[in-house]
>>> print(open('upload33.csv').read())   # CSV, C-alpha atoms
chain,number,residue,atom,x,y,z
O,1,MET,CA,74.9,29.6,3.3
O,2,ARG,CA,77.4,29.4,0.5
O,3,PHE,CA,74.6,29.5,-2.0
O,4,GLY,CA,76.2,30.6,-5.3
O,5,LEU,CA,74.9,31.6,-8.6
O,6,GLU,CA,75.0,28.0,-9.9
O,7,GLU,CA,72.9,26.7,-7.0
O,8,LEU,CA,70.3,29.5,-7.5
O,9,LYS,CA,70.1,28.8,-11.2
O,10,LEU,CA,69.5,25.1,-10.5
O,11,LEU,CA,66.8,26.0,-8.0
O,12,TRP,CA,65.2,28.5,-10.5
O,13,ASN,CA,65.4,25.9,-13.4
O,14,THR,CA,63.8,23.2,-11.2
O,15,ILE,CA,60.9,25.5,-10.3
O,16,THR,CA,60.5,26.5,-13.9
O,17,GLU,CA,60.3,22.9,-15.0
O,18,ILE,CA,57.7,22.2,-12.4
O,19,THR,CA,55.7,25.2,-13.8
O,20,VAL,CA,55.9,23.9,-17.4
O,21,ALA,CA,55.3,20.2,-16.5
O,22,ASN,CA,52.2,21.0,-14.4
O,23,ASN,CA,50.9,23.9,-16.5
O,24,MET,CA,50.6,26.2,-13.4
O,25,PRO,CA,51.6,29.8,-12.7
O,26,LEU,CA,55.1,30.5,-11.5
O,27,ASN,CA,54.2,31.8,-8.0
O,28,GLU,CA,52.0,28.7,-7.4
O,29,ALA,CA,54.9,26.4,-8.5
O,30,GLN,CA,57.2,28.2,-6.1
O,31,ARG,CA,54.8,27.7,-3.2
O,32,LYS,CA,54.3,24.0,-4.1
O,33,PHE,CA,58.0,23.4,-4.3
O,34,PHE,CA,58.8,24.8,-0.9
O,35,LYS,CA,55.7,23.2,0.6
O,36,ASP,CA,56.9,19.8,-0.7
O,37,ILE,CA,60.3,20.4,0.8
O,38,GLU,CA,58.8,21.2,4.2
O,39,GLU,CA,56.5,18.2,4.2
O,40,GLN,CA,58.7,15.6,2.6
O,41,TYR,CA,62.2,16.5,3.7
O,42,ASP,CA,62.2,14.2,6.8
O,43,LYS,CA,60.8,11.3,4.7
O,44,LYS,CA,63.5,11.8,2.1
O,45,ILE,CA,66.3,11.7,4.7
O,46,GLY,CA,64.9,8.4,6.0
O,47,PHE,CA,64.8,6.9,2.5
O,48,GLU,CA,68.4,7.7,1.9
O,49,SER,CA,69.5,5.6,4.8
O,50,LYS,CA,67.1,2.8,3.7
O,51,VAL,CA,68.5,3.0,0.2
O,52,GLN,CA,72.0,2.8,1.5
O,53,ASN,CA,71.1,-0.2,3.7
O,54,LEU,CA,69.5,-2.0,0.7
O,55,LYS,CA,72.5,-1.3,-1.5
O,56,THR,CA,74.7,-2.9,1.2
O,57,GLU,CA,72.4,-5.9,1.5
O,58,VAL,CA,72.4,-6.3,-2.3
O,59,ASN,CA,76.2,-6.2,-2.4
O,60,THR,CA,76.4,-8.8,0.4
O,61,LEU,CA,73.9,-11.1,-1.3
O,62,THR,CA,75.7,-10.7,-4.6
O,63,GLN,CA,79.0,-11.8,-3.0
O,64,GLU,CA,77.2,-14.6,-1.2
O,65,LYS,CA,75.7,-15.8,-4.5
O,66,LYS,CA,79.1,-15.7,-6.1
O,67,ARG,CA,80.6,-17.7,-3.2
O,68,LEU,CA,77.8,-20.3,-3.4
O,69,HIS,CA,78.1,-20.5,-7.2
O,70,GLU,CA,81.9,-21.2,-6.8
O,71,GLU,CA,81.2,-23.7,-4.1
O,72,LEU,CA,78.6,-25.5,-6.3
O,73,LEU,CA,81.0,-25.6,-9.2
O,74,ALA,CA,83.6,-27.1,-7.0
O,75,GLN,CA,81.4,-30.2,-6.4
O,76,PRO,CA,82.9,-32.6,-9.0
O,77,LEU,CA,79.7,-34.4,-10.0
O,78,ILE,CA,76.6,-32.2,-9.3
O,79,GLY,CA,78.1,-28.8,-10.0
O,80,PRO,CA,78.8,-29.1,-13.7
O,81,ILE,CA,75.5,-30.9,-14.2
O,82,LEU,CA,73.5,-28.2,-12.5
O,83,PHE,CA,75.4,-25.5,-14.4
O,84,GLY,CA,74.6,-27.3,-17.7
O,85,LEU,CA,70.9,-27.5,-16.7
O,86,PHE,CA,70.8,-23.8,-16.0
O,87,GLN,CA,72.4,-23.0,-19.3
O,88,ILE,CA,69.7,-24.9,-21.2
O,89,GLY,CA,66.9,-23.1,-19.4
O,90,VAL,CA,66.1,-25.4,-16.5
O,91,ASN,CA,65.5,-23.2,-13.4
O,92,GLU,CA,65.5,-23.9,-9.7
O,93,GLN,CA,61.7,-24.5,-9.6
O,94,ASP,CA,62.0,-27.1,-12.3
O,95,ILE,CA,64.6,-29.0,-10.3
O,96,ILE,CA,62.4,-28.7,-7.2
O,97,ASN,CA,59.4,-30.1,-9.1
O,98,MET,CA,61.4,-33.1,-10.3
O,99,ALA,CA,62.7,-33.7,-6.8
O,100,TYR,CA,59.1,-33.6,-5.6
O,101,ILE,CA,58.1,-36.2,-8.2
O,102,PHE,CA,60.8,-38.5,-7.1
O,103,GLN,CA,60.0,-38.0,-3.4
O,104,ARG,CA,56.3,-38.7,-4.0
O,105,HIS,CA,57.1,-42.0,-5.7
O,106,ALA,CA,59.6,-42.9,-3.0
O,107,ASP,CA,56.9,-42.2,-0.3
O,108,GLY,CA,54.5,-44.4,-2.2
O,109,GLY,CA,56.6,-47.4,-1.5
O,110,SER,CA,58.8,-47.2,-4.7
O,111,SER,CA,62.3,-48.1,-4.4
O,112,SER,CA,65.4,-46.6,-5.9
O,113,MET,CA,65.2,-49.4,-8.4
O,114,ASP,CA,61.9,-48.0,-9.6
O,115,ILE,CA,63.5,-44.5,-10.0
O,116,GLN,CA,66.4,-46.1,-11.9
O,117,THR,CA,63.9,-47.8,-14.2
O,118,LEU,CA,62.0,-44.5,-14.8
O,119,ILE,CA,65.3,-42.8,-15.7
O,120,ALA,CA,66.4,-45.7,-18.0
O,121,GLU,CA,63.0,-45.6,-19.8
O,122,LEU,CA,63.2,-41.8,-20.2
O,123,GLN,CA,66.7,-42.3,-21.7
O,124,LYS,CA,65.4,-45.1,-23.9
O,125,TYR,CA,62.4,-43.4,-25.3
O,126,GLY,CA,63.7,-39.8,-25.3
O,127,SER,CA,61.0,-37.2,-24.8
O,128,ILE,CA,57.6,-38.2,-23.6
O,129,LYS,CA,55.9,-36.2,-26.3
O,130,SER,CA,57.8,-37.9,-29.1
O,131,THR,CA,57.2,-41.3,-27.5
O,132,ILE,CA,53.4,-40.6,-27.2
O,133,GLU,CA,53.4,-39.6,-30.9
O,134,LYS,CA,55.2,-42.8,-31.9
O,135,LEU,CA,52.9,-44.9,-29.8
O,136,SER,CA,49.8,-43.1,-31.3
O,137,GLN,CA,51.1,-43.8,-34.8
O,138,GLU,CA,51.6,-47.5,-33.8
O,139,ALA,CA,48.1,-47.7,-32.4
O,140,ASP,CA,46.7,-46.2,-35.6
O,141,ARG,CA,48.6,-48.7,-37.7
O,142,LEU,CA,47.3,-51.5,-35.5
O,143,ARG,CA,43.7,-50.2,-35.8
O,144,ASN,CA,44.1,-50.2,-39.6
O,145,GLU,CA,45.5,-53.7,-39.5
O,146,ILE,CA,42.6,-54.9,-37.4
O,147,ALA,CA,40.2,-53.3,-39.8
O,148,SER,CA,41.9,-55.0,-42.7
O,149,LEU,CA,41.9,-58.4,-41.0
O,150,LYS,CA,38.2,-58.0,-40.2
O,151,ALA,CA,37.5,-57.2,-43.8
O,152,GLN,CA,39.6,-60.3,-44.9
O,153,LYS,CA,37.6,-62.4,-42.4
O,154,GLN,CA,34.3,-61.2,-43.8
O,155,ASP,CA,35.6,-61.9,-47.3
O,156,ILE,CA,36.7,-65.5,-46.3
O,157,LEU,CA,33.3,-66.1,-44.6
O,158,ALA,CA,31.5,-64.9,-47.7
O,159,ARG,CA,33.6,-67.2,-49.9
O,160,SER,CA,33.1,-70.1,-47.6
O,161,ILE,CA,29.3,-69.7,-47.7
O,162,TYR,CA,29.5,-69.3,-51.5
O,163,SER,CA,31.7,-72.4,-51.7
O,164,ARG,CA,29.2,-74.5,-49.7
O,165,GLN,CA,26.4,-73.3,-51.9
O,166,ILE,CA,28.4,-74.3,-55.0
O,167,TYR,CA,29.3,-77.6,-53.5
O,168,GLN,CA,25.7,-78.4,-52.7
O,169,ILE,CA,24.7,-77.5,-56.2
O,170,TYR,CA,27.3,-79.8,-57.8
O,171,SER,CA,27.0,-82.6,-55.4
O,172,GLY,CA,23.4,-83.1,-56.4
O,173,PRO,CA,20.4,-83.9,-54.4
O,174,PRO,CA,21.0,-85.7,-51.2
O,175,ILE,CA,20.6,-89.5,-51.2
O,176,TYR,CA,18.4,-91.0,-48.6
>>> encode(input="upload33.csv", output="structure tokens")
Amino acid sequence: MRFGLEELKLLWNTITEITVANNMPLNEAQRKFFKDIEEQYDKKIGFESKVQNLKTEVNTLTQEKKRLHEELLAQPLIGPILFGLFQIGVNEQDIINMAYIFQRHADGGSSSMDIQTLIAELQKYGSIKSTIEKLSQEADRLRNEIASLKAQKQDILARSIYSRQIYQIYSGPPIY
């Protein structure tokens, strides 16, 4: 069998570790060890081939990914742009979501001109959040201005009424 002292020591140490880890008597650990080998040996052999097949598949997919990445970067316009998007944290799902938004608008009768307008406005205004904040500030300013103008209007009306009363007092009694 060519079982030497080193292999026997390894076997003995493994069984001893099982004994300590599971807090069981040595003879029980020996029985459990050999029973596990009997019951699980065929399964282990099957897994080794599956593991090897999966490693081969991972290697193939890694090479395919590398090839596709190089092919993508070879595209003069889209490659560098996509690579830049990935570097700033945009992922594939984000790109798919944006494409879905454009398709949904195109299906709704929008033309490429509408999409170009959307893109131009996004470039003009920057982020949607900052644009909303700016517009909210402008709306608040306009509300305050409206309130101020209403107050001025009330003041003018009050002065006008007061002026009529003063005029009537100074103009004397009406002549018939």
>>> atom_distance(input="upload33.csv", atom1="atom CA of Lys32 of chain O", atom2="atom CA of Glu17 of chain O")
12.5 Å
>>> atom_distance(input="upload33.csv", atom1="atom CA of Lys9 of chain O", atom2="atom CA of Ile37 of chain O")
17.6 Å
>>> atom_distance(input="upload33.csv", atom1="atom CA of Glu38 of chain O", atom2="atom CA of Trp12 of chain O")
17.6 Å
>>> decode(input="upload33.csv", residues="segment 133-152 of chain O", atoms="N, CA and C atoms", output="compact mmCIF listing (two decimals), in the first residue's frame")
# COMPACT_ATOMS: atom_id res chain seq x y z
N GLU O 133 -33.21 71.93 -6.70
CA GLU O 133 -32.91 72.82 -5.57
C GLU O 133 -32.92 74.28 -6.02
N LYS O 134 -32.32 74.57 -7.19
CA LYS O 134 -32.30 75.95 -7.70
C LYS O 134 -33.71 76.43 -7.99
N LEU O 135 -34.51 75.57 -8.63
CA LEU O 135 -35.88 75.95 -8.95
C LEU O 135 -36.72 76.15 -7.68
N SER O 136 -36.47 75.34 -6.67
CA SER O 136 -37.18 75.50 -5.39
C SER O 136 -36.82 76.82 -4.75
N GLN O 137 -35.54 77.19 -4.80
CA GLN O 137 -35.11 78.47 -4.26
C GLN O 137 -35.76 79.63 -5.03
N GLU O 138 -35.81 79.49 -6.37
CA GLU O 138 -36.44 80.53 -7.19
C GLU O 138 -37.93 80.62 -6.87
N ALA O 139 -38.59 79.48 -6.68
CA ALA O 139 -40.02 79.49 -6.33
C ALA O 139 -40.23 80.16 -4.97
N ASP O 140 -39.36 79.88 -4.00
CA ASP O 140 -39.45 80.53 -2.69
C ASP O 140 -39.27 82.04 -2.82
N ARG O 141 -38.29 82.45 -3.64
CA ARG O 141 -38.06 83.88 -3.84
C ARG O 141 -39.28 84.54 -4.46
N LEU O 142 -39.88 83.89 -5.45
CA LEU O 142 -41.07 84.44 -6.10
C LEU O 142 -42.26 84.49 -5.14
N ARG O 143 -42.41 83.47 -4.29
CA ARG O 143 -43.49 83.49 -3.28
C ARG O 143 -43.31 84.68 -2.33
N ASN O 144 -42.06 84.92 -1.92
CA ASN O 144 -41.78 86.05 -1.03
C ASN O 144 -42.07 87.37 -1.74
N GLU O 145 -41.71 87.44 -3.03
CA GLU O 145 -41.97 88.66 -3.80
C GLU O 145 -43.47 88.90 -3.94
N ILE O 146 -44.22 87.82 -4.20
CA ILE O 146 -45.68 87.94 -4.30
C ILE O 146 -46.26 88.44 -2.98
N ALA O 147 -45.80 87.87 -1.88
CA ALA O 147 -46.28 88.30 -0.56
C ALA O 147 -45.96 89.77 -0.33
N SER O 148 -44.77 90.19 -0.74
CA SER O 148 -44.37 91.59 -0.57
C SER O 148 -45.24 92.50 -1.44
N LEU O 149 -45.50 92.07 -2.69
CA LEU O 149 -46.35 92.88 -3.57
C LEU O 149 -47.78 92.97 -3.05
N LYS O 150 -48.28 91.87 -2.49
CA LYS O 150 -49.63 91.90 -1.89
C LYS O 150 -49.66 92.88 -0.72
N ALA O 151 -48.61 92.87 0.08
CA ALA O 151 -48.54 93.80 1.22
C ALA O 151 -48.49 95.25 0.71
N GLN O 152 -47.73 95.49 -0.36
CA GLN O 152 -47.66 96.85 -0.93
C GLN O 152 -49.03 97.26 -1.48
